[in-house]
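What follows is the content of structure_29.pdb (PDB, C-alpha atoms).
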ATOM      1  CA  MET A   1       0.000   0.000   0.000  1.00  0.00           C
ATOM      2  CA  ASP A   2       1.327   3.437  -0.920  1.00  0.00           C
ATOM      3  CA  PHE A   3       0.317   5.502   2.072  1.00  0.00           C
ATOM      4  CA  LYS A   4       1.932   8.584   0.501  1.00  0.00           C
ATOM      5  CA  GLU A   5      -1.184   8.959  -1.634  1.00  0.00           C
ATOM      6  CA  PHE A   6      -3.022   9.790   1.595  1.00  0.00           C
ATOM      7  CA  ILE A   7      -0.545  12.355   2.959  1.00  0.00           C
ATOM      8  CA  ARG A   8      -1.106  15.981   1.974  1.00  0.00           C
ATOM      9  CA  VAL A   9       2.138  17.913   1.475  1.00  0.00           C
ATOM     10  CA  ILE A  10       1.901  21.636   2.188  1.00  0.00           C
ATOM     11  CA  PRO A  11       4.830  23.775   1.012  1.00  0.00           C
ATOM     12  CA  ASP A  12       6.151  26.617   3.149  1.00  0.00           C
ATOM     13  CA  PHE A  13       4.229  25.671   6.294  1.00  0.00           C
ATOM     14  CA  PRO A  14       4.633  26.680   9.066  1.00  0.00           C
ATOM     15  CA  MET A  15       7.446  28.775   7.566  1.00  0.00           C
ATOM     16  CA  ALA A  16       9.219  29.218   4.248  1.00  0.00           C
ATOM     17  CA  GLY A  17      11.318  26.240   3.235  1.00  0.00           C
ATOM     18  CA  ILE A  18       9.379  23.699   5.316  1.00  0.00           C
ATOM     19  CA  SER A  19       7.426  21.049   3.412  1.00  0.00           C
ATOM     20  CA  PHE A  20       4.762  20.036   5.943  1.00  0.00           C
ATOM     21  CA  LYS A  21       3.486  16.436   5.822  1.00  0.00           C
ATOM     22  CA  ASP A  22      -0.175  16.563   6.845  1.00  0.00           C
ATOM     23  CA  ILE A  23      -1.414  13.223   8.214  1.00  0.00           C
ATOM     24  CA  THR A  24      -4.998  14.440   8.739  1.00  0.00           C
ATOM     25  CA  THR A  25      -5.869  13.291   5.237  1.00  0.00           C
ATOM     26  CA  LEU A  26      -4.813   9.756   6.192  1.00  0.00           C
ATOM     27  CA  LEU A  27      -6.523   9.901   9.588  1.00  0.00           C
ATOM     28  CA  LYS A  28      -9.898  10.914   8.140  1.00  0.00           C
ATOM     29  CA  ASP A  29      -9.985   7.809   5.946  1.00  0.00           C
ATOM     30  CA  GLY A  30     -10.973   5.058   8.367  1.00  0.00           C
ATOM     31  CA  GLU A  31      -9.775   2.200   6.189  1.00  0.00           C
ATOM     32  CA  MET A  32      -6.384   3.775   5.461  1.00  0.00           C
ATOM     33  CA  TYR A  33      -5.903   4.775   9.100  1.00  0.00           C
ATOM     34  CA  ARG A  34      -6.597   1.183  10.148  1.00  0.00           C
ATOM     35  CA  GLN A  35      -4.239  -0.161   7.487  1.00  0.00           C
ATOM     36  CA  ALA A  36      -1.471   2.193   8.619  1.00  0.00           C
ATOM     37  CA  ILE A  37      -1.834   1.108  12.257  1.00  0.00           C
ATOM     38  CA  ASP A  38      -1.969  -2.552  11.181  1.00  0.00           C
ATOM     39  CA  ALA A  39       1.185  -2.077   9.079  1.00  0.00           C
ATOM     40  CA  LEU A  40       3.012  -0.526  12.041  1.00  0.00           C
ATOM     41  CA  LYS A  41       1.778  -3.363  14.251  1.00  0.00           C
ATOM     42  CA  GLU A  42       3.307  -5.902  11.850  1.00  0.00           C
ATOM     43  CA  ARG A  43       6.626  -4.052  11.820  1.00  0.00           C
ATOM     44  CA  VAL A  44       6.942  -3.919  15.617  1.00  0.00           C
ATOM     45  CA  SER A  45       5.295  -7.205  16.592  1.00  0.00           C
ATOM     46  CA  HIS A  46       8.700  -8.908  17.005  1.00  0.00           C
ATOM     47  CA  LEU A  47       9.595  -6.507  19.827  1.00  0.00           C
ATOM     48  CA  ASN A  48       8.815  -7.394  23.427  1.00  0.00           C
ATOM     49  CA  ILE A  49       6.589  -4.387  24.230  1.00  0.00           C
ATOM     50  CA  ASP A  50       4.969  -3.817  27.630  1.00  0.00           C
ATOM     51  CA  VAL A  51       3.689  -0.312  26.961  1.00  0.00           C
ATOM     52  CA  ILE A  52       3.674   2.328  24.232  1.00  0.00           C
ATOM     53  CA  ALA A  53       4.490   5.972  24.960  1.00  0.00           C
ATOM     54  CA  GLY A  54       3.502   8.761  22.588  1.00  0.00           C
ATOM     55  CA  PRO A  55       4.337  12.468  22.697  1.00  0.00           C
ATOM     56  CA  GLU A  56       1.574  15.046  22.516  1.00  0.00           C
ATOM     57  CA  ALA A  57      -0.419  15.356  20.367  1.00  0.00           C
ATOM     58  CA  ARG A  58       0.054  13.404  17.167  1.00  0.00           C
ATOM     59  CA  GLY A  59       1.869  10.641  19.039  1.00  0.00           C
ATOM     60  CA  PHE A  60      -1.492   9.973  20.679  1.00  0.00           C
ATOM     61  CA  VAL A  61      -3.221   9.269  17.345  1.00  0.00           C
ATOM     62  CA  VAL A  62      -0.496   6.786  16.404  1.00  0.00           C
ATOM     63  CA  GLY A  63       0.484   5.359  19.777  1.00  0.00           C
ATOM     64  CA  ALA A  64      -2.937   4.790  21.350  1.00  0.00           C
ATOM     65  CA  PRO A  65      -4.454   2.764  18.490  1.00  0.00           C
ATOM     66  CA  LEU A  66      -1.180   0.866  18.100  1.00  0.00           C
ATOM     67  CA  ALA A  67      -1.237   0.038  21.827  1.00  0.00           C
ATOM     68  CA  TYR A  68      -4.825  -1.150  21.465  1.00  0.00           C
ATOM     69  CA  ALA A  69      -3.912  -3.308  18.448  1.00  0.00           C
ATOM     70  CA  LEU A  70      -1.020  -4.881  20.370  1.00  0.00           C
ATOM     71  CA  GLY A  71      -2.991  -5.305  23.597  1.00  0.00           C
ATOM     72  CA  VAL A  72      -0.638  -3.169  25.680  1.00  0.00           C
ATOM     73  CA  GLY A  73      -1.046   0.053  27.657  1.00  0.00           C
ATOM     74  CA  PHE A  74      -0.492   3.601  26.442  1.00  0.00           C
ATOM     75  CA  VAL A  75       1.425   6.350  28.241  1.00  0.00           C
ATOM     76  CA  PRO A  76       0.856   9.955  27.121  1.00  0.00           C
ATOM     77  CA  ILE A  77       3.916  12.183  27.145  1.00  0.00           C
ATOM     78  CA  ARG A  78       2.525  15.688  27.396  1.00  0.00           C
ATOM     79  CA  LYS A  79       3.624  19.266  27.200  1.00  0.00           C
ATOM     80  CA  SER A  80       4.811  20.782  30.469  1.00  0.00           C
ATOM     81  CA  GLY A  81       2.008  21.673  32.887  1.00  0.00           C
ATOM     82  CA  LYS A  82      -0.654  19.427  31.321  1.00  0.00           C
ATOM     83  CA  LEU A  83      -0.443  16.354  33.571  1.00  0.00           C
ATOM     84  CA  PRO A  84      -2.252  16.403  36.951  1.00  0.00           C
ATOM     85  CA  TYR A  85       0.057  14.161  39.010  1.00  0.00           C
ATOM     86  CA  ASP A  86       3.777  14.165  39.884  1.00  0.00           C
ATOM     87  CA  THR A  87       5.908  14.434  36.752  1.00  0.00           C
ATOM     88  CA  ILE A  88       9.423  14.534  35.446  1.00  0.00           C
ATOM     89  CA  GLU A  89      10.248  16.918  32.605  1.00  0.00           C
ATOM     90  CA  ALA A  90      12.867  17.470  29.935  1.00  0.00           C
ATOM     91  CA  GLY A  91      13.411  20.296  27.453  1.00  0.00           C
ATOM     92  CA  TYR A  92      14.283  19.947  23.773  1.00  0.00           C
ATOM     93  CA  ASP A  93      14.749  21.882  20.547  1.00  0.00           C
ATOM     94  CA  LEU A  94      12.166  21.694  17.772  1.00  0.00           C
ATOM     95  CA  GLU A  95      12.858  22.241  14.095  1.00  0.00           C
ATOM     96  CA  TYR A  96      11.656  25.813  14.683  1.00  0.00           C
ATOM     97  CA  GLY A  97      11.558  26.451  18.438  1.00  0.00           C
ATOM     98  CA  LYS A  98      11.903  24.944  21.928  1.00  0.00           C
ATOM     99  CA  ASP A  99       9.529  23.004  24.172  1.00  0.00           C
ATOM    100  CA  ARG A 100       9.311  20.773  27.268  1.00  0.00           C
ATOM    101  CA  LEU A 101       7.775  17.330  27.684  1.00  0.00           C
ATOM    102  CA  ALA A 102       6.521  15.680  30.867  1.00  0.00           C
ATOM    103  CA  VAL A 103       5.405  12.229  31.976  1.00  0.00           C
ATOM    104  CA  HIS A 104       3.857  10.981  35.209  1.00  0.00           C
ATOM    105  CA  THR A 105       6.442   9.538  37.580  1.00  0.00           C
ATOM    106  CA  ASP A 106       4.438   6.303  37.881  1.00  0.00           C
ATOM    107  CA  ALA A 107       3.620   5.918  34.166  1.00  0.00           C
ATOM    108  CA  ILE A 108       6.465   3.529  33.363  1.00  0.00           C
ATOM    109  CA  LEU A 109       7.794   0.971  35.801  1.00  0.00           C
ATOM    110  CA  PRO A 110      11.485   0.131  36.089  1.00  0.00           C
ATOM    111  CA  GLY A 111      12.339  -2.646  33.637  1.00  0.00           C
ATOM    112  CA  GLN A 112       9.279  -2.178  31.412  1.00  0.00           C
ATOM    113  CA  ASN A 113       9.884  -2.410  27.673  1.00  0.00           C
ATOM    114  CA  VAL A 114       8.617   0.707  25.941  1.00  0.00           C
ATOM    115  CA  LEU A 115       7.919   1.442  22.291  1.00  0.00           C
ATOM    116  CA  ILE A 116       7.724   5.149  21.496  1.00  0.00           C
ATOM    117  CA  ALA A 117       5.258   6.028  18.735  1.00  0.00           C
ATOM    118  CA  ASP A 118       4.726   9.289  16.892  1.00  0.00           C
ATOM    119  CA  ASP A 119       3.547  10.568  13.544  1.00  0.00           C
ATOM    120  CA  LEU A 120       6.877  11.894  12.289  1.00  0.00           C
ATOM    121  CA  LEU A 121      10.604  11.520  12.807  1.00  0.00           C
ATOM    122  CA  ALA A 122      12.334  14.735  11.759  1.00  0.00           C
ATOM    123  CA  THR A 123      15.392  15.971  13.668  1.00  0.00           C
ATOM    124  CA  GLY A 124      14.811  13.480  16.484  1.00  0.00           C
ATOM    125  CA  GLY A 125      14.513  16.114  19.204  1.00  0.00           C
ATOM    126  CA  THR A 126      11.059  15.141  20.428  1.00  0.00           C
ATOM    127  CA  ILE A 127      11.746  11.413  20.338  1.00  0.00           C
ATOM    128  CA  SER A 128      15.175  11.592  21.945  1.00  0.00           C
ATOM    129  CA  THR A 129      13.557  13.607  24.750  1.00  0.00           C
ATOM    130  CA  ALA A 130      10.866  10.938  25.115  1.00  0.00           C
ATOM    131  CA  VAL A 131      13.617   8.275  25.248  1.00  0.00           C
ATOM    132  CA  ASN A 132      15.347  10.318  27.964  1.00  0.00           C
ATOM    133  CA  LEU A 133      12.145  10.478  30.034  1.00  0.00           C
ATOM    134  CA  VAL A 134      11.563   6.716  29.697  1.00  0.00           C
ATOM    135  CA  HIS A 135      15.153   6.038  30.798  1.00  0.00           C
ATOM    136  CA  GLN A 136      14.789   8.384  33.777  1.00  0.00           C
ATOM    137  CA  LEU A 137      11.863   6.232  34.938  1.00  0.00           C
ATOM    138  CA  GLY A 138      13.904   3.032  34.519  1.00  0.00           C
ATOM    139  CA  GLY A 139      12.172   1.838  31.355  1.00  0.00           C
ATOM    140  CA  ASN A 140      13.869   0.142  28.394  1.00  0.00           C
ATOM    141  CA  VAL A 141      13.182   1.692  24.998  1.00  0.00           C
ATOM    142  CA  VAL A 142      12.878  -1.290  22.643  1.00  0.00           C
ATOM    143  CA  GLY A 143      11.931   0.720  19.562  1.00  0.00           C
ATOM    144  CA  ALA A 144      10.362   3.774  17.979  1.00  0.00           C
ATOM    145  CA  ALA A 145       7.588   3.668  15.372  1.00  0.00           C
ATOM    146  CA  PHE A 146       6.558   6.457  13.019  1.00  0.00           C
ATOM    147  CA  LEU A 147       4.141   6.970  10.165  1.00  0.00           C
ATOM    148  CA  ILE A 148       6.658   9.248   8.410  1.00  0.00           C
ATOM    149  CA  GLU A 149      10.407   9.779   8.476  1.00  0.00           C
ATOM    150  CA  LEU A 150      12.103  12.837   6.976  1.00  0.00           C
ATOM    151  CA  GLU A 151      15.413  11.218   6.057  1.00  0.00           C
ATOM    152  CA  GLN A 152      17.347  14.381   5.207  1.00  0.00           C
ATOM    153  CA  LEU A 153      16.982  15.627   8.790  1.00  0.00           C
ATOM    154  CA  GLU A 154      18.785  12.505  10.068  1.00  0.00           C
ATOM    155  CA  GLY A 155      16.679  12.028  13.195  1.00  0.00           C
ATOM    156  CA  ARG A 156      17.845   8.414  13.467  1.00  0.00           C
ATOM    157  CA  LYS A 157      21.270   9.688  14.472  1.00  0.00           C
ATOM    158  CA  LYS A 158      19.782  10.879  17.776  1.00  0.00           C
ATOM    159  CA  LEU A 159      18.473   7.341  18.394  1.00  0.00           C
ATOM    160  CA  PRO A 160      21.629   5.229  17.980  1.00  0.00           C
ATOM    161  CA  ASP A 161      20.521   2.377  20.252  1.00  0.00           C
ATOM    162  CA  VAL A 162      16.841   2.340  19.256  1.00  0.00           C
ATOM    163  CA  GLU A 163      15.273   0.226  16.519  1.00  0.00           C
ATOM    164  CA  VAL A 164      13.432   2.700  14.275  1.00  0.00           C
ATOM    165  CA  VAL A 165      10.438   1.700  12.141  1.00  0.00           C
ATOM    166  CA  SER A 166       8.698   4.056   9.723  1.00  0.00           C
ATOM    167  CA  LEU A 167       5.983   3.421   7.136  1.00  0.00           C
ATOM    168  CA  LEU A 168       6.966   6.264   4.802  1.00  0.00           C
ATOM    169  CA  SER A 169      10.084   8.243   4.147  1.00  0.00           C
ATOM    170  CA  TYR A 170      10.573  11.563   2.412  1.00  0.00           C
ATOM    171  CA  GLU A 171      13.824  13.113   1.278  1.00  0.00           C
ATOM    172  CA  ASP A 172      12.506  16.683   1.184  1.00  0.00           C
TER     173      ASP A 172
END
Output the structure of this file as structure tokens.
Amino acid sequence: MDFKEFIRVIPDFPMAGISFKDITTLLKDGEMYRQAIDALKERVSHLNIDVIAGPEARGFVVGAPLAYALGVGFVPIRKSGKLPYDTIEAGYDLEYGKDRLAVHTDAILPGQNVLIADDLLATGGTISTAVNLVHQLGGNVVGAAFLIELEQLEGRKKLPDVEVVSLLSYED
């Protein structure tokens, strides 16, 4: 299946020179959305996964249904100040800014195997921060799964010890 047919590419968004990959066109098609989650499930099913963690917000729309399909739990990694219980936080650089992520201190147990899921791997800043948070809680990151990978931004280099799976890759 060529999932690229269901991804809308928007030039110069959110700023000049960025070629935004819009997954909402895939998400609105129930059959294609299901096929994408099923395809990711197949690609990660060999991993010993206890729980899936996904960064806010698009990591939720990939990670939660993938967790459901695999029969494991889902841990939301949110923006700073959005979680109601005790948290740990870490800051990171975005392609065009800075942000902070947080996770509940009891969300991942020491020794749990965690797959991190998100819509897009770009520079790797968000995902490497999520990996850092999982490690701080004593979890083992067994992989990272993405709908899309922007290869020219070399995000995999920030995940040297993590098995990376992506359905689609773009060079621009």
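Pairwise distance (CA of Ala144 (chain A), CA of Ala130 (chain A)) equals 10.1 Å.
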Name the residues in contact with Leu83 (chain A) at a cut-off of 12 Å, using all atoms listed in the file, excluding same-chain residues fewer than 2 positions from it; report them as a JSON list (two decimals) with C-alpha atoms, in the coordinates of the input.
[["chain", "number", "residue", "atom", "x", "y", "z"],
["A", 56, "GLU", "CA", 1.57, 15.05, 22.52],
["A", 75, "VAL", "CA", 1.42, 6.35, 28.24],
["A", 76, "PRO", "CA", 0.86, 9.96, 27.12],
["A", 77, "ILE", "CA", 3.92, 12.18, 27.14],
["A", 78, "ARG", "CA", 2.52, 15.69, 27.40],
["A", 79, "LYS", "CA", 3.62, 19.27, 27.20],
["A", 80, "SER", "CA", 4.81, 20.78, 30.47],
["A", 81, "GLY", "CA", 2.01, 21.67, 32.89],
["A", 85, "TYR", "CA", 0.06, 14.16, 39.01],
["A", 86, "ASP", "CA", 3.78, 14.16, 39.88],
["A", 87, "THR", "CA", 5.91, 14.43, 36.75],
["A", 88, "ILE", "CA", 9.42, 14.53, 35.45],
["A", 89, "GLU", "CA", 10.25, 16.92, 32.60],
["A", 101, "LEU", "CA", 7.78, 17.33, 27.68],
["A", 102, "ALA", "CA", 6.52, 15.68, 30.87],
["A", 103, "VAL", "CA", 5.40, 12.23, 31.98],
["A", 104, "HIS", "CA", 3.86, 10.98, 35.21],
["A", 105, "THR", "CA", 6.44, 9.54, 37.58],
["A", 106, "ASP", "CA", 4.44, 6.30, 37.88],
["A", 107, "ALA", "CA", 3.62, 5.92, 34.17]]
Nearest to Gly91 (chain A) by atom-to-atom distance, counting only C-alpha atoms, from A:Pro110, A:Gly63, A:Gly125, A:Pro55: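 Among A:Pro110, A:Gly63, A:Gly125, A:Pro55, it is A:Gly125 that comes nearest to Gly91 (chain A).
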Residue IDs satisfying the PyMOL selection byres ((chain A and resi 127) around 9), as a PyMOL selection string: chain A and resi 54-55+116-118+121+123-126+128-132+144+155+158-159
Nearest to Asp172 (chain A), chosen from A:Asp12, A:Glu42, A:Asp99, A:Asp93, with only C-alpha atoms counted in the distances: A:Asp12
The PyMOL selection byres ((chain A and resi 170) around 8) resolved against shown file, as a list of chain:residue names: A:Ile148, A:Glu149, A:Leu150, A:Glu151, A:Gln152, A:Leu168, A:Ser169, A:Glu171, A:Asp172
Best match for closeness to Asp2 (chain A) among A:Ala39, A:Leu115, A:Gly138, A:Ala69, counting only C-alpha atoms: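 Closest residue, counting only C-alpha atoms: A:Ala39.
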Length of the CA of Lys98 (chain A) to CA of Ile7 (chain A) vector [Å]: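 These atoms are spaced 25.9 Å apart.
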Residue nearest Asn140 (chain A) - candidates A:Lys157, A:Pro84, A:Ile49, A:Val62, atoms counted: all atoms listed in the file: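 Looking only at the distances to Asn140 (chain A), the closest residue turns out to be A:Ile49.
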Pick from A:Gly143, A:Arg8, A:Gly97, A:Gln136 nearest to Leu26 (chain A), counting all atoms listed in the file: A:Arg8
Given all atoms listed in the file as the counted atoms, nearest of A:Ala36, A:Val142, A:Leu147, A:Val165 to Ala53 (chain A): A:Val142
Two-atom distance - CA of Asp38 (chain A), CA of Val9 (chain A) (Å):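 Value for the CA of Asp38 (chain A)-CA of Val9 (chain A) distance: 23.0 Å.
When the distance limit is 7 Å and only C-alpha atoms are what count, the residues near Gly73 (chain A), minus those fewer than 3 positions from it on the same chain, are Val51, Ile52 and Ala67 of chain A.
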Explicit residues for the PyMOL selection byres ((chain A and resi 20) around 9) (as an mmCIF file with C-alpha atoms, in the coordinates of the input):
data_model
loop_
_atom_site.group_PDB
_atom_site.id
_atom_site.type_symbol
_atom_site.label_atom_id
_atom_site.label_comp_id
_atom_site.auth_asym_id
_atom_site.auth_seq_id
_atom_site.Cartn_x
_atom_site.Cartn_y
_atom_site.Cartn_z
ATOM 1 C CA ARG A 8 -1.106 15.981 1.974
ATOM 2 C CA VAL A 9 2.138 17.913 1.475
ATOM 3 C CA ILE A 10 1.901 21.636 2.188
ATOM 4 C CA PRO A 11 4.830 23.775 1.012
ATOM 5 C CA ASP A 12 6.151 26.617 3.149
ATOM 6 C CA PHE A 13 4.229 25.671 6.294
ATOM 7 C CA PRO A 14 4.633 26.680 9.066
ATOM 8 C CA ILE A 18 9.379 23.699 5.316
ATOM 9 C CA SER A 19 7.426 21.049 3.412
ATOM 10 C CA LYS A 21 3.486 16.436 5.822
ATOM 11 C CA ASP A 22 -0.175 16.563 6.845
#
